[in-house]
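Engineer: Provided herewith: my_file-v7.cif, mmCIF, C-alpha atoms and all ligand atoms.
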```
data_model
#
loop_
_atom_site.label_atom_id
_atom_site.label_comp_id
_atom_site.auth_asym_id
_atom_site.auth_seq_id
_atom_site.Cartn_x
_atom_site.Cartn_y
_atom_site.Cartn_z
CA MET E 1 0.00 0.00 0.00
CA SER E 2 1.09 3.54 -0.69
CA LYS E 3 0.70 6.14 2.03
CA LEU E 4 -0.60 9.71 1.87
CA VAL E 5 -0.36 12.15 4.79
CA ARG E 6 -1.84 15.63 5.08
CA CYS E 7 -1.06 18.34 7.59
CA ILE E 8 -1.73 21.96 8.39
CA THR E 9 0.59 24.25 10.32
CA THR E 10 -0.85 25.10 13.76
CA ASP E 11 -1.03 28.79 12.76
CA GLY E 12 -3.37 27.66 9.94
CA LEU E 13 -1.30 29.38 7.23
CA VAL E 14 0.22 26.45 5.33
CA MET E 15 -1.37 23.19 4.17
CA ALA E 16 0.81 20.34 2.96
CA ALA E 17 0.51 16.73 1.79
CA ALA E 18 3.14 14.09 1.11
CA ILE E 19 2.81 10.66 -0.48
CA ASP E 20 4.98 7.61 -0.94
CA SER E 21 3.34 6.37 -4.16
CA THR E 22 5.89 3.64 -4.93
CA ASP E 23 3.33 0.80 -4.76
CA ILE E 24 0.85 2.68 -6.95
CA VAL E 25 3.45 3.25 -9.67
CA LYS E 26 4.70 -0.37 -9.40
CA LYS E 27 1.17 -1.68 -9.90
CA MET E 28 0.63 0.66 -12.85
CA GLN E 29 3.89 -0.53 -14.42
CA GLU E 30 2.89 -4.20 -13.97
CA LEU E 31 -0.55 -3.67 -15.50
CA HIS E 32 0.46 -1.54 -18.46
CA ARG E 33 4.06 -2.76 -19.01
CA THR E 34 5.18 0.83 -19.38
CA THR E 35 8.64 1.81 -20.61
CA PRO E 36 10.70 3.98 -18.20
CA VAL E 37 9.71 7.29 -19.79
CA ILE E 38 6.00 6.42 -19.55
CA THR E 39 6.42 4.98 -16.05
CA ALA E 40 7.89 8.34 -15.04
CA ALA E 41 5.32 10.48 -16.88
CA LEU E 42 2.22 8.51 -15.88
CA GLY E 43 3.69 7.80 -12.42
CA ARG E 44 3.97 11.54 -11.79
CA LEU E 45 0.43 12.15 -13.03
CA LEU E 46 -1.00 9.34 -10.85
CA THR E 47 0.91 10.65 -7.82
CA GLY E 48 -0.42 14.17 -8.44
CA ALA E 49 -3.97 12.88 -8.97
CA SER E 50 -3.83 10.97 -5.67
CA ILE E 51 -2.83 14.08 -3.69
CA MET E 52 -5.41 16.26 -5.49
CA GLY E 53 -8.19 13.67 -5.23
CA ASN E 54 -7.56 13.21 -1.51
CA LYS E 55 -8.41 16.91 -1.03
CA LEU E 56 -12.00 16.36 -2.22
CA LYS E 57 -14.38 16.24 0.71
CA GLU E 58 -17.42 14.43 -0.75
CA ASP E 59 -17.31 10.63 -0.43
CA ASN E 60 -18.46 9.91 -3.99
CA ALA E 61 -16.33 12.59 -5.61
CA SER E 62 -13.61 11.87 -8.17
CA LEU E 63 -10.89 13.84 -9.89
CA THR E 64 -9.65 13.26 -13.44
CA LEU E 65 -6.39 14.65 -14.84
CA ARG E 66 -5.83 14.50 -18.57
CA MET E 67 -2.72 15.70 -20.36
CA ASN E 68 -2.84 16.12 -24.14
CA GLY E 69 0.45 17.65 -25.16
CA GLY E 70 0.68 16.46 -28.75
CA GLY E 71 3.77 14.35 -27.96
CA PRO E 72 4.40 10.69 -28.91
CA ALA E 73 2.99 9.41 -25.59
CA GLY E 74 -0.51 10.47 -26.71
CA SER E 75 -3.04 11.29 -24.00
CA LEU E 76 -2.27 10.51 -20.37
CA ILE E 77 -5.15 10.04 -17.97
CA ALA E 78 -5.24 9.63 -14.20
CA VAL E 79 -8.37 9.31 -12.08
CA SER E 80 -8.54 9.51 -8.30
CA ASP E 81 -11.36 8.88 -5.85
CA SER E 82 -11.81 11.19 -2.87
CA LYS E 83 -9.49 9.06 -0.71
CA GLY E 84 -6.60 9.17 -3.19
CA ASN E 85 -6.94 5.70 -4.75
CA VAL E 86 -5.97 6.08 -8.39
CA ARG E 87 -6.04 4.47 -11.81
CA GLY E 88 -4.77 5.64 -15.16
CA TYR E 89 -3.29 4.90 -18.55
CA ALA E 90 -1.20 6.35 -21.34
CA GLN E 91 -2.16 5.87 -24.97
CA GLU E 92 1.37 4.74 -25.88
CA ALA E 93 2.52 2.71 -22.86
CA GLY E 94 5.41 1.16 -24.81
CA LEU E 95 6.97 4.42 -26.00
CA LEU E 96 10.76 4.40 -26.31
CA LEU E 97 12.43 7.79 -26.45
CA MET E 98 16.03 9.01 -26.43
CA PRO E 99 17.13 10.76 -23.23
CA ASN E 100 17.00 14.57 -23.26
CA ALA E 101 20.04 16.87 -23.51
CA LYS E 102 20.73 16.42 -19.77
CA GLY E 103 20.80 12.63 -20.19
CA GLN E 104 17.52 12.26 -18.29
CA LEU E 105 14.24 10.60 -19.24
CA ASP E 106 12.57 12.99 -21.68
CA ILE E 107 9.18 13.25 -19.98
CA ALA E 108 8.37 16.64 -21.54
CA GLY E 109 9.37 15.25 -24.94
CA ALA E 110 7.04 12.27 -24.48
CA ILE E 111 4.04 14.30 -23.33
CA GLY E 112 4.66 17.31 -25.56
CA LYS E 113 4.17 20.98 -24.77
CA GLU E 114 1.58 21.94 -27.39
CA GLY E 115 -1.65 21.21 -25.63
CA THR E 116 -3.61 21.27 -22.44
CA VAL E 117 -4.04 19.89 -18.96
CA THR E 118 -7.65 19.22 -18.05
CA VAL E 119 -8.73 18.93 -14.44
CA MET E 120 -12.21 17.57 -13.88
CA LYS E 121 -13.81 17.35 -10.46
CA ASP E 122 -16.96 15.31 -10.22
CA TYR E 123 -18.66 15.77 -6.87
CA GLY E 124 -21.01 12.85 -7.45
CA TYR E 125 -23.98 15.18 -8.07
CA GLY E 126 -24.74 17.97 -10.54
CA GLN E 127 -22.43 19.07 -13.33
CA PRO E 128 -18.73 18.18 -12.94
CA TYR E 129 -16.41 21.15 -12.60
CA CYS E 130 -13.95 21.27 -15.50
CA SER E 131 -10.91 23.48 -16.01
CA GLN E 132 -8.43 23.48 -18.88
CA ILE E 133 -5.09 25.28 -18.96
CA PRO E 134 -2.19 25.27 -21.43
CA ILE E 135 0.71 22.90 -20.68
CA VAL E 136 3.66 24.89 -19.29
CA THR E 137 6.62 22.49 -19.34
CA GLY E 138 5.18 18.99 -19.88
CA GLU E 139 7.04 17.85 -16.74
CA VAL E 140 3.68 17.36 -14.94
CA ALA E 141 4.41 18.98 -11.53
CA GLU E 142 4.87 22.46 -13.03
CA ASP E 143 1.73 21.99 -15.09
CA LEU E 144 -0.36 21.08 -12.04
CA THR E 145 1.19 24.01 -10.12
CA ALA E 146 0.04 26.28 -12.95
CA TYR E 147 -3.46 24.84 -12.66
CA TYR E 148 -3.62 25.92 -9.00
CA ALA E 149 -2.23 29.38 -9.82
CA ILE E 150 -4.54 30.04 -12.77
CA SER E 151 -7.77 28.21 -11.92
CA GLU E 152 -7.80 28.31 -8.12
CA GLN E 153 -5.47 31.27 -7.39
CA VAL E 154 -3.69 29.32 -4.67
CA PRO E 155 0.10 29.76 -4.28
CA THR E 156 1.37 26.20 -4.60
CA ILE E 157 4.57 24.18 -4.55
CA PHE E 158 4.06 20.79 -6.22
CA CYS E 159 6.89 18.23 -6.45
CA LEU E 160 6.38 14.85 -8.14
CA GLY E 161 9.07 12.27 -8.74
CA VAL E 162 9.63 8.75 -10.00
CA HIS E 163 13.11 7.37 -9.34
CA PHE E 164 14.93 4.52 -11.11
CA ASP E 165 17.95 2.50 -10.04
CA LYS E 166 21.00 2.06 -12.27
CA LEU E 167 19.32 -0.78 -14.17
CA TRP E 168 16.26 1.36 -14.94
CA LYS E 169 14.11 -0.41 -12.41
CA MET E 170 11.66 1.97 -10.75
CA ASP E 171 12.48 2.00 -7.04
CA LYS E 172 10.70 5.01 -5.50
CA ALA E 173 7.89 7.38 -6.37
CA GLY E 174 6.42 10.18 -4.35
CA GLY E 175 5.02 13.65 -4.20
CA LEU E 176 4.72 16.75 -2.07
CA LEU E 177 2.17 19.55 -2.20
CA ILE E 178 2.51 22.76 -0.18
CA GLN E 179 -0.16 25.45 -0.35
CA LEU E 180 -0.49 28.83 1.31
CA MET E 181 -3.80 29.65 2.94
CA PRO E 182 -5.34 33.08 2.18
CA ALA E 183 -4.15 34.61 5.49
CA ALA E 184 -0.48 33.79 4.79
CA ASP E 185 1.81 36.71 3.92
CA HIS E 186 5.37 37.43 2.80
CA ARG E 187 6.88 35.89 5.96
CA GLU E 188 5.57 32.43 5.10
CA ILE E 189 6.58 32.88 1.47
CA GLU E 190 10.13 33.84 2.49
CA LYS E 191 10.40 30.86 4.85
CA LEU E 192 9.23 28.50 2.10
CA GLU E 193 11.55 30.02 -0.50
CA GLU E 194 14.47 29.55 1.90
CA MET E 195 13.42 25.94 2.48
CA LEU E 196 13.14 25.23 -1.27
CA LYS E 197 16.79 26.17 -1.80
CA THR E 198 17.98 23.24 0.31
CA MET E 199 15.16 20.74 -0.10
CA PRO E 200 16.25 17.42 -1.63
CA PRO E 201 13.94 15.74 -4.18
CA VAL E 202 11.06 13.79 -2.61
CA THR E 203 12.30 10.49 -4.05
CA GLN E 204 15.72 11.09 -2.48
CA MET E 205 14.11 11.58 0.93
CA LEU E 206 12.14 8.34 0.38
CA LEU E 207 15.34 6.52 -0.62
CA GLU E 208 16.93 7.75 2.61
CA GLY E 209 14.09 6.05 4.46
CA SER E 210 11.90 9.07 5.29
CA THR E 211 8.18 8.40 5.72
CA PRO E 212 5.61 10.89 4.33
CA GLU E 213 5.26 12.35 7.90
CA GLN E 214 9.02 12.84 8.11
CA ILE E 215 9.08 14.43 4.63
CA LEU E 216 6.52 16.99 5.84
CA GLU E 217 8.62 17.68 8.96
CA ARG E 218 11.81 17.99 6.88
CA THR E 219 10.31 20.36 4.35
CA LEU E 220 8.52 22.61 6.85
CA PRO E 221 11.17 22.93 9.59
CA GLY E 222 10.17 26.40 10.79
CA PHE E 223 6.53 25.44 11.32
CA GLU E 224 4.61 23.49 13.94
CA LEU E 225 2.60 20.78 12.20
CA GLU E 226 -0.70 19.18 12.93
CA ILE E 227 -1.12 15.92 11.01
CA PHE E 228 -4.83 15.53 10.32
CA ASP E 229 -5.11 12.78 7.78
CA SER E 230 -3.10 9.64 7.14
CA GLN E 231 -4.47 7.41 4.42
CA GLU E 232 -3.42 4.13 2.83
CA VAL E 233 -3.96 4.46 -0.92
CA GLU E 234 -3.54 2.09 -3.85
CA TYR E 235 -3.91 1.62 -7.59
CA ARG E 236 -7.54 0.64 -7.80
CA CYS E 237 -9.91 0.15 -10.71
CA ASP E 238 -13.60 0.00 -9.93
CA CYS E 239 -14.78 -1.30 -13.30
CA SER E 240 -17.59 -3.89 -13.39
CA LEU E 241 -19.89 -5.55 -15.89
CA GLU E 242 -22.65 -3.26 -14.69
CA ARG E 243 -20.55 -0.17 -15.49
CA VAL E 244 -19.66 -1.52 -18.93
CA GLU E 245 -23.35 -2.11 -19.68
CA ARG E 246 -24.22 1.34 -18.39
CA ALA E 247 -21.71 2.84 -20.84
CA PHE E 248 -23.61 1.13 -23.71
CA MET E 249 -26.71 3.05 -22.74
CA THR E 250 -25.32 6.16 -24.43
CA MET E 251 -25.60 4.32 -27.79
CA ARG E 252 -28.48 3.73 -30.17
CA PRO E 253 -30.28 0.32 -29.98
CA GLU E 254 -29.05 -0.80 -33.43
CA GLU E 255 -25.49 0.12 -32.46
CA ILE E 256 -25.74 -1.98 -29.28
CA ARG E 257 -27.05 -4.99 -31.27
CA GLY E 258 -24.20 -4.62 -33.75
CA LEU E 259 -21.42 -4.69 -31.14
CA ALA E 260 -20.87 -8.45 -31.23
CA ASP E 261 -18.08 -9.84 -33.42
CA GLU E 262 -18.00 -13.15 -35.42
CA SER E 263 -17.84 -15.15 -32.16
CA GLY E 264 -21.26 -13.82 -31.16
CA LYS E 265 -19.94 -11.74 -28.25
CA ALA E 266 -18.80 -8.18 -27.71
CA GLU E 267 -15.39 -7.83 -26.06
CA VAL E 268 -14.81 -4.74 -23.95
CA LEU E 269 -11.40 -3.92 -22.54
CA CYS E 270 -10.98 -1.73 -19.46
CA HIS E 271 -8.09 0.62 -20.29
CA PHE E 272 -7.36 1.21 -16.60
CA CYS E 273 -6.79 -2.42 -15.52
CA ASN E 274 -6.81 -4.40 -18.82
CA LYS E 275 -9.67 -6.58 -17.63
CA LYS E 276 -11.78 -7.97 -20.47
CA TYR E 277 -15.55 -8.19 -20.36
CA TYR E 278 -17.56 -10.37 -22.73
CA ILE E 279 -21.20 -9.63 -23.46
CA THR E 280 -23.25 -12.18 -25.39
CA GLN E 281 -25.48 -11.32 -28.38
CA GLU E 282 -28.46 -12.34 -26.24
CA ARG E 283 -27.54 -9.78 -23.58
CA LEU E 284 -26.83 -7.12 -26.21
CA ASN E 285 -30.34 -7.69 -27.61
CA GLU E 286 -31.79 -7.28 -24.11
CA LEU E 287 -29.87 -4.04 -23.58
CA ALA E 288 -30.98 -2.76 -26.99
CA GLU E 289 -34.61 -3.49 -26.04
CA ILE E 290 -34.22 -1.61 -22.77
CA GLN E 291 -32.83 1.30 -24.74
CA GLU E 292 -35.74 1.19 -27.21
CA LYS E 293 -38.27 1.30 -24.37
CA ARG E 294 -36.43 4.23 -22.81
CA GLN E 295 -36.47 6.15 -26.05
CA GLN E 296 -40.21 5.57 -26.48
CA LYS E 297 -40.89 7.26 -23.15
ZN ZN B 301 -10.84 -1.80 -14.85
#
```
Could you spell out this file's structure in structure tokens?
Ligand SMILES: [Zn+2]

Structural biologist:
Amino acid sequence: MSKLVRCITTDGLVMAAAIDSTDIVKKMQELHRTTPVITAALGRLLTGASIMGNKLKEDNASLTLRMNGGGPAGSLIAVSDSKGNVRGYAQEAGLLLMPNAKGQLDIAGAIGKEGTVTVMKDYGYGQPYCSQIPIVTGEVAEDLTAYYAISEQVPTIFCLGVHFDKLWKMDKAGGLLIQLMPAADHREIEKLEEMLKTMPPVTQMLLEGSTPEQILERTLPGFELEIFDSQEVEYRCDCSLERVERAFMTMRPEEIRGLADESGKAEVLCHFCNKKYYITQERLNELAEIQEKRQQK
């Protein structure tokens, strides 16, 4: 299980969250057989989605992050529930790409910089809230920071990292979010700027054995912290036959009947967990009839 911890400073001026998302990214890599550059790109997006989803208060709420940067990775999607359990996929999970000029995984090159980040919050009732901003760097953390600055006007520090060992095996993944509350002023900003100069990357702190609680203490040394939420989170897909059938109900009856292939069944693949669902022609006919009756009403 991955672990996510949230805290607020006792003066109420700074909110922060830290996650060790290693198990989430491992599970994603197993399911989608991602190459290192996609493991890093999608791993960062899933880590960010988990932290952002965990901030939603409603039990049935969910948060979707979609990056469309026009790069060879195609679209990247991460979905979180309101606890921080996540699922996601990249269109091109097997993408191989040369390292960038610094000799690092070219995440920005894979995602691309000509496009948008979409943040959708579904509160489980009413219209979902949707916000779209231009991609800034394609490195994910900066793009999500820009979302908070532009769409929510909250000063934010967002760090997301996926670390690999010398043999390109993913060994740690994590993230850190720090946000200033409206009453904070230049003193808090100066303290945080000072801290940022010496802060090691989140994955390095994890490699040194720090827990998410300890990462929060290390990054906010001049503040007194009150930990108010500690949550075990995981890669979790909540697909089901019922959900697959419900998705058909956006189609016309003749389309539903025509879904079956030569074998007399329709095969539906869940992109989030690669589970396959088979629906017989008989069941498709039933669903088409239900749809016809609905349309007559
Ligand atoms: Zn699934």

Engineer: Could you please extract the residues within 9 Å of ligand ZN 301 (chain B), counting only C-alpha atoms and all ligand atoms, and hand them back as a list in words?

Structural biologist: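 Based on only C-alpha atoms and all ligand atoms, ligand ZN 301 (chain B) is surrounded within 9 Å by Arg87, Arg236, Cys237, Asp238, Cys239, Ser240, Leu269, Cys270, His271, Phe272, Cys273, Asn274, Lys275 and Lys276 of chain E.
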
Engineer: When distances are computed from all atoms listed in the file, which of E:Val244, E:Val233, E:Leu4, E:Met181 shows the smallest separation from Asp81 in chain E?

Structural biologist: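 Under the stated criterion, the closest residue is E:Val233.
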
Engineer: With 10 Å as the cut-off and all atoms listed in the file counted, what is the closest atom pair between each nearby residue of range 10-56 of chain E and range 165-180 of chain E? Distances in Å to one decimal, ordered by chain and number, as CSV.

Structural biologist:
```
residue,atom,partner,partner_atom,distance
E:Gly12,CA,E:Leu180,CA,9.2
E:Leu13,CA,E:Leu180,CA,6.0
E:Val14,CA,E:Leu180,CA,4.7
E:Met15,CA,E:Gln179,CA,5.2
E:Ala16,CA,E:Ile178,CA,4.3
E:Ala17,CA,E:Leu177,CA,5.2
E:Ala18,CA,E:Leu176,CA,4.4
E:Ile19,CA,E:Gly175,CA,5.3
E:Asp20,CA,E:Gly174,CA,4.5
E:Ser21,CA,E:Gly174,CA,4.9
E:Thr22,CA,E:Ala173,CA,4.5
E:Asp23,CA,E:Ala173,CA,8.2
E:Ile24,CA,E:Ala173,CA,8.5
E:Val25,CA,E:Ala173,CA,6.9
E:Lys26,CA,E:Met170,CA,7.5
E:Gln29,CA,E:Met170,CA,8.9
E:Thr35,CA,E:Trp168,CA,9.5
E:Pro36,CA,E:Trp168,CA,7.0
E:Thr39,CA,E:Met170,CA,8.0
E:Ala40,CA,E:Met170,CA,8.6
E:Gly43,CA,E:Ala173,CA,7.4
E:Arg44,CA,E:Ala173,CA,7.9
E:Leu46,CA,E:Gly174,CA,9.9
E:Thr47,CA,E:Gly175,CA,6.2
E:Gly48,CA,E:Gly175,CA,6.9
E:Ser50,CA,E:Gly175,CA,9.4
E:Ile51,CA,E:Leu177,CA,7.6
E:Met52,CA,E:Leu177,CA,8.9
```

Engineer: Write out the residues from the selection above, keeping C-alpha atoms, as an mmCIF file, in the coordinates of the input.

Structural biologist:
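result29.cif, freshly written:
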```cif
data_model
loop_
_atom_site.group_PDB
_atom_site.id
_atom_site.type_symbol
_atom_site.label_atom_id
_atom_site.label_comp_id
_atom_site.auth_asym_id
_atom_site.auth_seq_id
_atom_site.Cartn_x
_atom_site.Cartn_y
_atom_site.Cartn_z
ATOM 1 C CA GLY E 12 -3.370 27.660 9.940
ATOM 2 C CA LEU E 13 -1.300 29.380 7.230
ATOM 3 C CA VAL E 14 0.220 26.450 5.330
ATOM 4 C CA MET E 15 -1.370 23.190 4.170
ATOM 5 C CA ALA E 16 0.810 20.340 2.960
ATOM 6 C CA ALA E 17 0.510 16.730 1.790
ATOM 7 C CA ALA E 18 3.140 14.090 1.110
ATOM 8 C CA ILE E 19 2.810 10.660 -0.480
ATOM 9 C CA ASP E 20 4.980 7.610 -0.940
ATOM 10 C CA SER E 21 3.340 6.370 -4.160
ATOM 11 C CA THR E 22 5.890 3.640 -4.930
ATOM 12 C CA ASP E 23 3.330 0.800 -4.760
ATOM 13 C CA ILE E 24 0.850 2.680 -6.950
ATOM 14 C CA VAL E 25 3.450 3.250 -9.670
ATOM 15 C CA LYS E 26 4.700 -0.370 -9.400
ATOM 16 C CA GLN E 29 3.890 -0.530 -14.420
ATOM 17 C CA THR E 35 8.640 1.810 -20.610
ATOM 18 C CA PRO E 36 10.700 3.980 -18.200
ATOM 19 C CA THR E 39 6.420 4.980 -16.050
ATOM 20 C CA ALA E 40 7.890 8.340 -15.040
ATOM 21 C CA GLY E 43 3.690 7.800 -12.420
ATOM 22 C CA ARG E 44 3.970 11.540 -11.790
ATOM 23 C CA LEU E 46 -1.000 9.340 -10.850
ATOM 24 C CA THR E 47 0.910 10.650 -7.820
ATOM 25 C CA GLY E 48 -0.420 14.170 -8.440
ATOM 26 C CA SER E 50 -3.830 10.970 -5.670
ATOM 27 C CA ILE E 51 -2.830 14.080 -3.690
ATOM 28 C CA MET E 52 -5.410 16.260 -5.490
#
```

Engineer: Considering only C-alpha atoms, return as number ranges by chain whatever protein or nucleic-acid residues lie within 12 Å of Gly258 in chain E, sequence-local ones (same chain, fewer than 2 positions apart) excluded.

Structural biologist: E: 248, 251-256, 260-262, 264-266, 279-285, 287-288

Engineer: Excluding Ile107 in chain E and any residue of its chain fewer than 2 positions from it, enumerate the residues within 8 Å of it, using all atoms listed in the file, and give them as JSON, numbers by chain.

Structural biologist: {"E": [37, 38, 40, 41, 105, 109, 110, 111, 138, 139]}

Engineer: Cys7 in chain E: which residues within 8 Å, counting only C-alpha atoms, same-chain residues fewer than 2 positions away excluded, as a short mmCIF file (atom, residue, chain, number, x, y, z; two decimals) with C-alpha atoms, in the coordinates of the input?

Structural biologist:
```
data_model
loop_
_atom_site.label_atom_id
_atom_site.label_comp_id
_atom_site.auth_asym_id
_atom_site.auth_seq_id
_atom_site.Cartn_x
_atom_site.Cartn_y
_atom_site.Cartn_z
CA VAL E 5 -0.36 12.15 4.79
CA THR E 9 0.59 24.25 10.32
CA MET E 15 -1.37 23.19 4.17
CA ALA E 16 0.81 20.34 2.96
CA ALA E 17 0.51 16.73 1.79
CA LEU E 216 6.52 16.99 5.84
CA LEU E 225 2.60 20.78 12.20
CA GLU E 226 -0.70 19.18 12.93
CA ILE E 227 -1.12 15.92 11.01
CA PHE E 228 -4.83 15.53 10.32
CA ASP E 229 -5.11 12.78 7.78
#
```

Engineer: So how far away is CA of Lys113 in chain E from CA of Thr137 in chain E, in Å?

Structural biologist: 6.1 Å

Engineer: Just give me the gap between CA of Glu152 in chain E and CA of Gly126 in chain E in Å, one decimal is fine.

Structural biologist: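 One can read the CA of Glu152 in chain E to CA of Gly126 in chain E distance as 20.0 Å.
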
Engineer: Between E:Leu220, E:Leu160, E:Met98, E:Leu31, single out the one closest to Met199 in chain E, counting all atoms listed in the file.

Structural biologist: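 Ranked by minimum distance to Met199 in chain E, first place goes to E:Leu220.
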
Engineer: Expressed in Å to a single decimal, how great is the separation between CA of Ile133 in chain E and CA of Met67 in chain E?

Structural biologist: 10.0 Å
